[in-house]
>>> print(open('work.txt').read())   # compact mmCIF, C-alpha atoms
# COMPACT_ATOMS: atom_id res chain seq x y z
CA MET A 1 0.00 0.00 0.00
CA PRO A 2 1.68 3.20 -1.19
CA VAL A 3 1.59 6.63 0.49
CA GLN A 4 -1.84 8.24 0.57
CA VAL A 5 -1.87 11.94 -0.28
CA ARG A 6 -4.79 14.23 0.60
CA ILE A 7 -5.23 16.99 -1.96
CA PRO A 8 -6.72 20.40 -1.07
CA THR A 9 -9.57 21.85 -3.12
CA PRO A 10 -7.43 24.37 -5.11
CA LEU A 11 -5.25 21.54 -6.48
CA ARG A 12 -7.99 19.08 -7.36
CA LYS A 13 -8.20 20.46 -10.88
CA LEU A 14 -4.79 18.87 -11.43
CA THR A 15 -5.79 15.51 -9.96
CA GLY A 16 -8.95 15.24 -12.04
CA GLY A 17 -11.06 16.07 -8.99
CA SER A 18 -9.56 13.41 -6.73
CA GLU A 19 -9.43 14.30 -3.03
CA GLU A 20 -6.95 11.57 -2.31
CA VAL A 21 -4.30 10.03 -4.53
CA SER A 22 -1.57 7.50 -3.90
CA ALA A 23 2.08 7.44 -4.86
CA ALA A 24 5.14 5.36 -4.01
CA ALA A 25 8.09 7.24 -2.50
CA ASP A 26 10.57 7.10 0.39
CA THR A 27 10.81 10.83 1.12
CA VAL A 28 8.44 13.78 0.79
CA GLY A 29 10.74 15.21 -1.90
CA ASN A 30 10.46 12.04 -3.96
CA LEU A 31 6.75 12.02 -3.33
CA VAL A 32 6.44 15.49 -4.85
CA GLU A 33 8.42 14.28 -7.90
CA GLU A 34 6.17 11.25 -8.22
CA LEU A 35 3.05 13.44 -7.96
CA GLU A 36 4.51 15.69 -10.66
CA ARG A 37 4.96 12.64 -12.92
CA GLN A 38 1.34 11.67 -12.42
CA TYR A 39 -0.17 15.17 -12.31
CA ALA A 40 2.00 17.56 -14.32
CA GLY A 41 2.14 21.07 -12.87
CA ILE A 42 1.62 20.16 -9.24
CA LYS A 43 5.28 20.57 -8.23
CA ASP A 44 5.33 24.15 -9.39
CA ARG A 45 2.38 24.92 -7.15
CA LEU A 46 3.97 23.32 -4.10
CA CYS A 47 7.60 24.34 -4.51
CA ASP A 48 9.41 27.54 -5.49
CA GLU A 49 12.01 27.91 -8.24
CA GLU A 50 14.70 26.64 -5.89
CA GLY A 51 12.74 23.49 -5.24
CA GLN A 52 11.84 24.38 -1.66
CA VAL A 53 8.29 24.05 -0.34
CA ARG A 54 6.53 27.39 -0.76
CA ARG A 55 6.19 29.39 2.43
CA PHE A 56 2.41 29.22 2.49
CA VAL A 57 2.09 25.51 1.72
CA ASN A 58 1.94 23.17 4.68
CA ILE A 59 2.71 19.50 4.20
CA TYR A 60 1.90 17.10 7.00
CA VAL A 61 3.05 13.50 7.37
CA ASN A 62 0.65 11.60 9.62
CA GLY A 63 -0.39 14.94 11.10
CA ASP A 64 3.12 16.35 11.66
CA ASP A 65 4.30 19.46 9.81
CA ILE A 66 7.40 18.59 7.75
CA ARG A 67 8.93 21.97 8.71
CA PHE A 68 9.41 20.49 12.17
CA LEU A 69 10.69 17.21 10.74
CA SER A 70 13.21 17.20 7.89
CA ASN A 71 11.33 19.21 5.26
CA LEU A 72 11.53 17.50 1.86
CA ASP A 73 13.97 14.93 3.28
CA THR A 74 11.32 13.70 5.72
CA SER A 75 10.96 9.97 5.14
CA VAL A 76 7.67 8.36 4.28
CA LYS A 77 6.67 4.74 4.00
CA ASP A 78 3.81 2.73 2.61
CA GLY A 79 0.59 3.42 4.45
CA ASP A 80 1.59 6.91 5.63
CA GLU A 81 -0.88 9.71 5.13
CA VAL A 82 0.41 12.97 3.70
CA SER A 83 -1.80 16.08 3.70
CA ILE A 84 -1.24 19.23 1.68
CA VAL A 85 -2.95 22.10 3.47
CA PRO A 86 -3.07 25.64 2.10
CA ALA A 87 -3.75 28.82 4.06
CA ILE A 88 -7.40 29.58 4.39
CA ALA A 89 -9.27 31.98 2.19
CA GLY A 90 -12.22 34.28 2.38
CA GLY A 91 -13.29 36.92 4.91
CA MET B 1 13.92 61.61 34.47
CA SER B 2 13.83 60.06 31.06
CA THR B 3 16.18 61.54 28.50
CA ALA B 4 14.30 60.02 25.59
CA ARG B 5 12.88 62.54 23.17
CA ARG B 6 9.19 62.98 23.53
CA ALA B 7 7.40 62.16 20.31
CA ASP B 8 5.56 65.10 18.84
CA ARG B 9 1.88 64.48 18.59
CA GLU B 10 -0.27 66.24 16.09
CA MET B 11 -3.45 65.38 17.94
CA SER B 12 -4.82 68.13 20.16
CA PRO B 13 -6.58 67.23 23.41
CA ALA B 14 -9.86 68.22 21.76
CA ASP B 15 -9.40 65.36 19.28
CA ALA B 16 -8.88 62.79 22.01
CA PRO B 17 -11.41 59.97 21.87
CA PRO B 18 -14.53 60.41 24.01
CA ARG B 19 -15.66 58.04 26.71
CA ALA B 20 -17.67 55.17 25.29
CA ASN B 21 -20.65 53.44 26.83
CA SER B 22 -19.98 50.17 25.03
CA VAL B 23 -17.25 48.56 22.98
CA LEU B 24 -19.72 48.76 20.09
CA ASP B 25 -19.34 52.54 20.08
CA LEU B 26 -15.64 52.12 19.35
CA VAL B 27 -16.14 50.41 15.98
CA GLY B 28 -14.89 52.50 13.03
CA ASN B 29 -13.25 55.91 12.90
CA THR B 30 -9.90 54.29 12.27
CA PRO B 31 -6.90 56.42 11.26
CA LEU B 32 -5.25 56.87 7.89
CA VAL B 33 -1.47 56.79 8.03
CA ASP B 34 0.94 58.00 5.35
CA VAL B 35 2.84 55.05 3.85
CA THR B 36 4.24 56.89 0.80
CA ALA B 37 7.75 56.07 2.04
CA MET B 38 7.23 52.46 0.92
CA GLY B 39 7.29 53.54 -2.74
CA GLU B 40 10.48 54.15 -4.68
CA GLY B 41 10.75 56.40 -7.70
CA LEU B 42 7.16 57.59 -7.43
CA SER B 43 6.02 60.96 -8.69
CA PRO B 44 6.29 63.50 -5.86
CA LYS B 45 2.61 64.28 -6.42
CA VAL B 46 1.54 60.75 -5.42
CA LYS B 47 0.54 60.08 -1.82
CA LEU B 48 -0.20 56.68 -0.33
CA TYR B 49 -2.33 56.27 2.78
CA ALA B 50 -3.27 53.14 4.64
CA LYS B 51 -6.42 52.85 6.73
CA LEU B 52 -5.44 50.91 9.82
CA GLU B 53 -8.45 48.76 10.53
CA GLY B 54 -6.55 46.95 13.25
CA PHE B 55 -7.59 49.86 15.48
CA ASN B 56 -11.13 48.53 15.65
CA PRO B 57 -11.92 47.02 19.06
CA GLY B 58 -12.11 43.49 17.65
CA GLY B 59 -8.81 44.11 15.88
CA SER B 60 -10.02 44.11 12.28
CA VAL B 61 -12.12 45.70 9.55
CA LYS B 62 -14.68 42.94 10.14
CA ASP B 63 -16.08 44.70 13.20
CA ARG B 64 -17.93 47.01 10.84
CA ALA B 65 -19.72 44.37 8.78
CA ALA B 66 -20.45 42.25 11.85
CA LEU B 67 -21.98 45.17 13.74
CA TRP B 68 -24.15 46.24 10.82
CA MET B 69 -25.38 42.68 10.19
CA MET B 70 -26.17 42.04 13.86
CA ARG B 71 -27.96 45.37 14.33
CA HIS B 72 -29.99 44.76 11.21
CA GLY B 73 -30.92 41.32 12.56
CA VAL B 74 -32.19 42.87 15.79
CA GLU B 75 -34.11 45.56 13.90
CA THR B 76 -35.91 43.05 11.69
CA GLY B 77 -36.52 40.63 14.56
CA GLU B 78 -34.48 37.85 12.90
CA LEU B 79 -32.14 38.03 15.88
CA GLY B 80 -33.82 37.94 19.24
CA GLU B 81 -34.24 36.14 22.55
CA GLY B 82 -33.35 32.44 22.36
CA LYS B 83 -31.45 32.67 19.07
CA THR B 84 -27.83 31.70 18.56
CA VAL B 85 -25.68 33.58 16.07
CA LEU B 86 -24.05 31.04 13.73
CA ASP B 87 -21.77 31.72 10.77
CA SER B 88 -18.81 30.37 8.84
CA THR B 89 -15.70 32.47 8.92
CA SER B 90 -11.97 32.23 8.45
CA GLY B 91 -11.38 34.22 11.59
CA ASN B 92 -11.72 37.97 11.69
CA THR B 93 -15.46 38.00 11.13
CA GLY B 94 -15.75 35.30 13.76
CA ILE B 95 -13.83 37.40 16.24
CA ALA B 96 -16.03 40.40 15.43
CA LEU B 97 -19.27 38.41 15.77
CA ALA B 98 -18.05 36.85 19.03
CA MET B 99 -17.16 40.26 20.45
CA ILE B 100 -20.40 41.90 19.37
CA GLY B 101 -22.47 38.92 20.50
CA ALA B 102 -20.88 39.18 23.93
CA ALA B 103 -21.51 42.93 24.09
CA MET B 104 -25.14 42.57 22.90
CA GLY B 105 -25.90 39.47 24.96
CA TYR B 106 -26.41 36.81 22.25
CA PRO B 107 -24.65 33.43 22.18
CA VAL B 108 -22.38 32.90 19.15
CA THR B 109 -21.16 29.67 17.48
CA LEU B 110 -18.73 29.73 14.58
CA VAL B 111 -17.73 27.22 11.90
CA LEU B 112 -14.01 27.51 11.18
CA PRO B 113 -11.60 25.54 8.99
CA ASP B 114 -9.44 23.57 11.44
CA ASN B 115 -6.25 25.19 10.14
CA VAL B 116 -7.04 28.74 11.30
CA SER B 117 -4.36 30.17 13.56
CA GLN B 118 -4.26 29.36 17.27
CA GLU B 119 -4.51 33.04 18.09
CA ARG B 120 -7.85 33.26 16.34
CA LYS B 121 -9.31 30.22 18.03
CA ARG B 122 -8.26 31.52 21.44
CA ILE B 123 -9.60 35.03 20.92
CA ILE B 124 -12.95 33.67 19.76
CA GLN B 125 -13.10 31.45 22.84
CA ALA B 126 -12.13 34.40 25.06
CA PHE B 127 -15.33 36.13 23.94
CA GLY B 128 -17.27 33.08 25.11
CA ALA B 129 -18.20 31.83 21.63
CA GLY B 130 -18.34 28.18 20.55
CA ILE B 131 -16.37 26.72 17.63
CA ILE B 132 -17.28 23.91 15.22
CA TYR B 133 -14.42 22.84 12.95
CA SER B 134 -14.59 22.04 9.24
CA SER B 135 -11.81 20.43 7.21
CA GLY B 136 -8.81 22.65 6.52
CA LEU B 137 -8.41 20.86 3.19
CA GLU B 138 -11.73 22.32 2.05
CA GLY B 139 -10.76 25.88 3.04
CA SER B 140 -13.38 28.50 3.77
CA ASP B 141 -15.76 26.98 1.23
CA GLY B 142 -15.87 23.84 3.38
CA ALA B 143 -16.86 25.98 6.37
CA ILE B 144 -19.58 27.69 4.34
CA LEU B 145 -21.10 24.34 3.33
CA LYS B 146 -20.90 22.86 6.83
CA CYS B 147 -22.54 25.96 8.29
CA ARG B 148 -25.41 25.70 5.79
CA GLU B 149 -26.01 22.09 6.84
CA ILE B 150 -26.19 23.00 10.53
CA VAL B 151 -28.63 25.86 9.93
CA GLU B 152 -30.84 23.69 7.72
CA SER B 153 -31.02 21.06 10.46
CA ASP B 154 -32.66 23.53 12.88
CA PRO B 155 -33.45 26.82 11.10
CA ASP B 156 -35.46 28.41 13.95
CA ARG B 157 -32.60 28.13 16.37
CA TYR B 158 -30.06 30.20 14.48
CA PHE B 159 -29.46 33.69 13.18
CA LYS B 160 -26.99 33.43 10.32
CA PRO B 161 -25.52 36.82 9.38
CA ASP B 162 -24.17 35.22 6.18
CA GLN B 163 -21.45 37.76 5.42
CA TYR B 164 -21.03 36.51 1.85
CA PHE B 165 -24.63 37.27 0.92
CA ASN B 166 -25.76 39.92 3.43
CA ALA B 167 -26.20 43.39 1.89
CA ASN B 168 -25.48 44.92 5.31
CA ASN B 169 -21.86 43.81 4.92
CA PRO B 170 -21.10 46.25 2.05
CA GLN B 171 -23.60 48.70 3.56
CA ALA B 172 -21.42 48.98 6.68
CA HIS B 173 -18.61 50.26 4.48
CA PHE B 174 -20.89 52.51 2.45
CA ASP B 175 -22.03 54.08 5.73
CA SER B 176 -18.73 54.21 7.60
CA THR B 177 -15.46 53.31 5.82
CA GLY B 178 -16.27 55.31 2.68
CA PRO B 179 -17.30 58.55 4.45
CA GLU B 180 -14.30 58.29 6.80
CA ILE B 181 -11.89 58.08 3.85
CA TRP B 182 -13.64 60.90 2.02
CA THR B 183 -13.44 63.17 5.08
CA ALA B 184 -9.88 62.23 6.02
CA THR B 185 -8.58 63.02 2.53
CA GLY B 186 -10.68 66.16 2.16
CA GLY B 187 -12.31 64.57 -0.87
CA LEU B 188 -8.98 64.17 -2.64
CA VAL B 189 -8.92 60.37 -2.71
CA SER B 190 -8.28 59.22 -6.29
CA HIS B 191 -7.89 55.45 -5.80
CA LEU B 192 -9.22 52.89 -3.36
CA VAL B 193 -7.19 49.70 -3.10
CA ALA B 194 -8.39 46.72 -1.06
CA GLY B 195 -8.18 42.96 -1.03
CA ILE B 196 -11.22 40.81 -1.76
CA GLY B 197 -12.44 38.25 0.74
CA THR B 198 -16.20 38.51 1.02
CA SER B 199 -15.69 41.69 -1.08
CA GLY B 200 -17.84 43.69 1.39
CA THR B 201 -15.14 46.26 2.09
CA ILE B 202 -14.28 47.08 -1.49
CA MET B 203 -17.88 46.95 -2.73
CA GLY B 204 -19.33 49.25 -0.06
CA THR B 205 -16.41 51.66 0.25
CA GLY B 206 -15.95 51.85 -3.51
CA ARG B 207 -19.66 52.46 -4.08
CA TYR B 208 -19.67 55.35 -1.59
CA LEU B 209 -16.55 56.98 -3.00
CA LYS B 210 -17.92 56.73 -6.54
CA THR B 211 -21.15 58.45 -5.50
CA MET B 212 -19.02 61.32 -4.16
CA ASN B 213 -16.70 61.34 -7.19
CA PRO B 214 -17.36 58.95 -10.08
CA GLY B 215 -13.71 59.33 -11.10
CA VAL B 216 -12.41 57.44 -8.05
CA GLN B 217 -10.73 54.24 -9.23
CA VAL B 218 -11.57 51.08 -7.32
CA VAL B 219 -8.80 48.49 -7.44
CA ALA B 220 -8.94 44.99 -5.98
CA ALA B 221 -5.96 42.96 -4.81
CA GLU B 222 -6.61 39.28 -5.49
CA PRO B 223 -4.46 36.20 -4.81
CA GLU B 224 -2.59 35.28 -7.98
CA ASP B 225 -3.46 31.61 -7.73
CA ALA B 226 -6.09 29.31 -6.26
CA LEU B 227 -3.44 27.88 -3.94
CA HIS B 228 -2.24 30.85 -1.94
CA GLY B 229 -1.24 32.01 1.52
CA LEU B 230 -3.15 35.27 1.74
CA GLU B 231 -5.39 34.38 4.64
CA GLY B 232 -8.60 36.38 4.44
CA LEU B 233 -8.51 36.87 0.67
CA LYS B 234 -10.29 34.87 -1.99
CA HIS B 235 -9.27 33.78 -5.47
CA MET B 236 -12.68 34.36 -7.04
CA GLU B 237 -12.40 32.14 -10.09
CA SER B 238 -11.83 29.03 -7.98
CA SER B 239 -14.17 29.85 -5.08
CA ILE B 240 -17.83 30.04 -4.19
CA VAL B 241 -18.47 33.58 -5.42
CA PRO B 242 -20.06 35.79 -2.71
CA GLY B 243 -23.53 37.08 -3.58
CA ILE B 244 -22.48 40.62 -2.63
CA TYR B 245 -19.59 40.60 -5.14
CA HIS B 246 -20.12 42.56 -8.35
CA GLU B 247 -17.02 42.48 -10.44
CA ASN B 248 -18.35 45.14 -12.82
CA GLU B 249 -17.99 47.71 -10.02
CA LEU B 250 -14.23 47.23 -9.98
CA ASP B 251 -12.02 49.29 -12.27
CA ARG B 252 -9.12 46.91 -12.00
CA LYS B 253 -7.97 43.68 -10.36
CA ILE B 254 -4.31 43.10 -9.55
CA PRO B 255 -3.06 39.53 -8.98
CA ILE B 256 -0.81 39.23 -5.93
CA PRO B 257 1.86 36.54 -5.42
CA THR B 258 1.79 35.42 -1.78
CA GLU B 259 5.55 35.75 -1.29
CA ASP B 260 5.51 39.39 -2.41
CA ALA B 261 2.72 40.26 0.01
CA TYR B 262 4.67 38.60 2.83
CA ASP B 263 7.80 40.56 1.91
CA TRP B 264 5.90 43.85 2.16
CA CYS B 265 4.74 42.92 5.64
CA TYR B 266 8.34 42.42 6.74
CA LYS B 267 9.51 45.65 5.10
CA MET B 268 6.71 47.71 6.63
CA GLY B 269 7.52 46.47 10.10
CA GLU B 270 11.12 47.55 9.78
CA LYS B 271 10.62 50.75 7.82
CA LEU B 272 7.39 52.19 9.22
CA GLY B 273 6.94 50.47 12.56
CA ILE B 274 3.65 49.05 11.33
CA VAL B 275 3.28 45.29 11.59
CA VAL B 276 0.28 44.09 9.62
CA GLY B 277 -1.36 40.93 8.34
CA GLN B 278 -0.70 39.47 4.88
CA SER B 279 -3.81 40.95 3.29
CA ALA B 280 -2.37 44.39 4.11
CA GLY B 281 0.87 43.36 2.40
CA ALA B 282 -1.22 42.44 -0.63
CA ALA B 283 -2.98 45.83 -0.56
CA LEU B 284 0.37 47.64 -0.45
CA HIS B 285 1.74 45.56 -3.34
CA ALA B 286 -1.29 46.47 -5.48
CA SER B 287 -1.16 50.12 -4.40
CA LEU B 288 2.48 50.45 -5.43
CA GLU B 289 1.61 49.02 -8.83
CA VAL B 290 -1.13 51.62 -9.18
CA ALA B 291 1.14 54.38 -7.88
CA GLY B 292 3.79 53.60 -10.50
CA ASP B 293 1.27 54.28 -13.28
CA VAL B 294 0.06 57.74 -12.21
CA ASP B 295 1.60 61.20 -12.04
CA ASP B 296 -0.49 62.41 -9.19
CA GLY B 297 -3.09 60.98 -6.91
CA VAL B 298 -4.13 60.11 -3.39
CA ILE B 299 -4.18 56.35 -3.11
CA VAL B 300 -5.97 54.95 -0.08
CA MET B 301 -5.54 51.30 0.80
CA ILE B 302 -7.22 49.21 3.46
CA PHE B 303 -5.04 47.36 5.98
CA PRO B 304 -7.58 44.91 7.43
CA ASP B 305 -5.69 43.98 10.61
CA PHE B 306 -2.37 43.94 12.44
CA GLY B 307 0.25 41.22 12.16
CA ASP B 308 0.20 39.96 15.74
CA ARG B 309 -2.85 37.89 14.86
CA TYR B 310 -0.62 35.70 12.66
CA LEU B 311 2.44 35.18 14.82
CA SER B 312 2.03 31.40 14.87
CA THR B 313 1.37 31.13 11.12
CA ASN B 314 3.54 30.74 8.03
CA LEU B 315 3.70 34.53 7.67
CA TRP B 316 6.00 34.92 10.67
CA HIS B 317 7.32 31.41 11.15
CA GLY B 318 10.99 31.50 10.09
CA TRP B 319 10.57 34.91 8.48
CA LEU B 320 13.98 36.35 9.37
CA GLU B 321 15.85 33.58 7.54
CA TRP B 322 13.44 33.86 4.64
CA ALA B 323 13.72 37.65 4.34
CA LYS B 324 17.51 37.43 4.44
CA HIS B 325 17.53 34.71 1.79
CA ARG B 326 15.24 36.70 -0.50
CA GLN B 327 17.36 39.79 -0.09
CA GLU B 328 20.57 37.93 -0.97
CA ARG B 329 18.96 36.37 -3.99
CA SER B 330 17.63 39.65 -5.35
CA GLY B 331 21.11 41.11 -4.83
>>> encode(input="work.txt", output="structure tokens")
Amino acid sequence: MPVQVRIPTPLRKLTGGSEEVSAAADTVGNLVEELERQYAGIKDRLCDEEGQVRRFVNIYVNGDDIRFLSNLDTSVKDGDEVSIVPAIAGG
Amino acid sequence: MSTARRADREMSPADAPPRANSVLDLVGNTPLVDVTAMGEGLSPKVKLYAKLEGFNPGGSVKDRAALWMMRHGVETGELGEGKTVLDSTSGNTGIALAMIGAAMGYPVTLVLPDNVSQERKRIIQAFGAGIIYSSGLEGSDGAILKCREIVESDPDRYFKPDQYFNANNPQAHFDSTGPEIWTATGGLVSHLVAGIGTSGTIMGTGRYLKTMNPGVQVVAAEPEDALHGLEGLKHMESSIVPGIYHENELDRKIPIPTEDAYDWCYKMGEKLGIVVGQSAGAALHASLEVAGDVDDGVIVMIFPDFGDRYLSTNLWHGWLEWAKHRQERSG
């Protein structure tokens, strides 16, 4: 069972409407690459031109913010749940 | 005795604020402050002013809309004894409703995405209001939908101000924000620049200013992309469009990259001593774009709140390293 990735509403256009997708990877960085292979354009939305996670994008592995783990080097394994959570919008 | 220089104050004792009977009397009448210094290479005939809505008692521009909607509810009898105020909100409106509910004596429950900042949750709770969480993945639209479900399950129990569809939201700004700006600039305001969330601020203020002078340009700052970090603002194309939003009343929309808005927040803190939220950074970014295109004008922008409300969020988390890195990269 690969890594499960929960996709926020603003990115579901790229995943064909899917709220959750799966991908095989051993780190969050590789996971982003794998998502990019499956859903072209997604990496650019998550990472800046230097390849770092954008300041306003939060990525959680099993509920823990990767900023407090090892950022893109944070390891993931089959069965983990990764959530991509944007800032909130609207008044 | 202190040797520090006493700051000169322009305010005379006669201008000092009066005693208030209730916190509700303190809503509005916020100051305009000159932020022209943030522009470089602008025409000397261009002035930039920011309206500091963080001076409202609830800490944001949302006090105005919340007060107008609640008062209207009482006037029409929709809000009365035994009713609970319930609405979906990303934070500032919730804080305003919670504060006003406490002051007026009505219980308040709010539906919030679970990723709103800790500060916001705590302030809302400090006013005695209840919170129901919706999924952060669904953003504010998820909160809107969840709130609708709850109201439909027991419609007689709740008063839902419904800031996205309530005409009293823009009306608050037509009645207060607009006239305040007109008076403070002596009628010289040429441009209004504001972010769009519910769009109440820009719709109501813009409408008022255009009735006073149809030549006033109304400019909206909008997140550049559906996935953004400008808490409080909405990317209209990818969102549930508020019923009070009328795009044809805008003269221009300027797309704002999140990182640029954040950078302006950092720069303003250091250069002006004004620490604001990211939507204010977005308003400044848009205003500077407008300012670069004109030879003279009085550009008034809305700063919806102060930055201390976001200290635990991405805006301030690790900002020093980030600002330094950005500076090095841009040379």
>>> residues_near_point(input="work.txt", point="(-15.3, 41.7, 12.9)", cutoff="7 Å", atoms="all atoms listed in the file", output="MDAnalysis selection string")
chainID B and resid 58 60:66 92:97
>>> closest_atom_pairs(input="work.txt", of="chain B", to="chain A", cutoff="7 Å", atoms="only C-alpha atoms", output="tab-separated table")
residue	atom	partner	partner_atom	distance
B:Thr89	CA	A:Gly91	CA	6.5
B:Ser90	CA	A:Gly91	CA	6.0
B:Thr93	CA	A:Gly91	CA	6.7
B:Val116	CA	A:Ile88	CA	7.0
B:Gly136	CA	A:Val85	CA	6.6
B:Leu137	CA	A:Pro8	CA	4.6
B:Glu138	CA	A:Thr9	CA	5.6
B:Gly139	CA	A:Ile88	CA	5.2
B:Ser140	CA	A:Ala89	CA	5.6
B:Gly197	CA	A:Gly90	CA	4.3
B:Thr198	CA	A:Gly91	CA	5.1
B:Ala226	CA	A:Pro10	CA	5.2
B:Leu227	CA	A:Pro10	CA	5.4
B:His228	CA	A:Ala87	CA	6.5
B:Gly229	CA	A:Phe56	CA	4.7
B:Leu230	CA	A:Ala87	CA	6.9
B:Glu231	CA	A:Ala89	CA	5.2
B:Gly232	CA	A:Gly90	CA	4.7
B:Leu233	CA	A:Gly90	CA	4.8
B:Lys234	CA	A:Gly90	CA	4.8
B:Asn314	CA	A:Phe56	CA	5.9
>>> residues_around(input="work.txt", residues="Ser75 of chain A", least_positions_apart="4", cutoff="10 Å", atoms="all atoms listed in the file", output="list in words")
Ala25, Asp26, Thr27, Val28, Gly29, Asn30, Leu31, Val61, Ile66, Leu69, Ser70, Asn71 and Asp80 of chain A
>>> residues_around(input="work.txt", residues="Gln4 of chain A", least_positions_apart="3", cutoff="10 Å", atoms="only C-alpha atoms", output="ChimeraX atom specification")
/A:1,7,20-24,61-62,77-83
>>> write_last_selection(input="work.txt", atoms="C-alpha atoms", output="mmCIF file, in the coordinates of the input")
data_model
loop_
_atom_site.group_PDB
_atom_site.id
_atom_site.type_symbol
_atom_site.label_atom_id
_atom_site.label_comp_id
_atom_site.auth_asym_id
_atom_site.auth_seq_id
_atom_site.Cartn_x
_atom_site.Cartn_y
_atom_site.Cartn_z
ATOM 1 C CA MET A 1 0.000 0.000 0.000
ATOM 2 C CA ILE A 7 -5.230 16.990 -1.960
ATOM 3 C CA GLU A 20 -6.950 11.570 -2.310
ATOM 4 C CA VAL A 21 -4.300 10.030 -4.530
ATOM 5 C CA SER A 22 -1.570 7.500 -3.900
ATOM 6 C CA ALA A 23 2.080 7.440 -4.860
ATOM 7 C CA ALA A 24 5.140 5.360 -4.010
ATOM 8 C CA VAL A 61 3.050 13.500 7.370
ATOM 9 C CA ASN A 62 0.650 11.600 9.620
ATOM 10 C CA LYS A 77 6.670 4.740 4.000
ATOM 11 C CA ASP A 78 3.810 2.730 2.610
ATOM 12 C CA GLY A 79 0.590 3.420 4.450
ATOM 13 C CA ASP A 80 1.590 6.910 5.630
ATOM 14 C CA GLU A 81 -0.880 9.710 5.130
ATOM 15 C CA VAL A 82 0.410 12.970 3.700
ATOM 16 C CA SER A 83 -1.800 16.080 3.700
#
>>> closest_residue(input="work.txt", among="B:Ala103, B:Ile302, B:Ala261, B:Ala143", to="Asn115 of chain B", atoms="all atoms listed in the file")
B:Ala143
>>> atom_distance(input="work.txt", atom1="atom CA of Leu112 of chain B", atom2="atom CA of Gln163 of chain B")
13.9 Å
>>> atom_distance(input="work.txt", atom1="atom CA of Ala98 of chain B", atom2="atom CA of Val85 of chain B")
8.8 Å
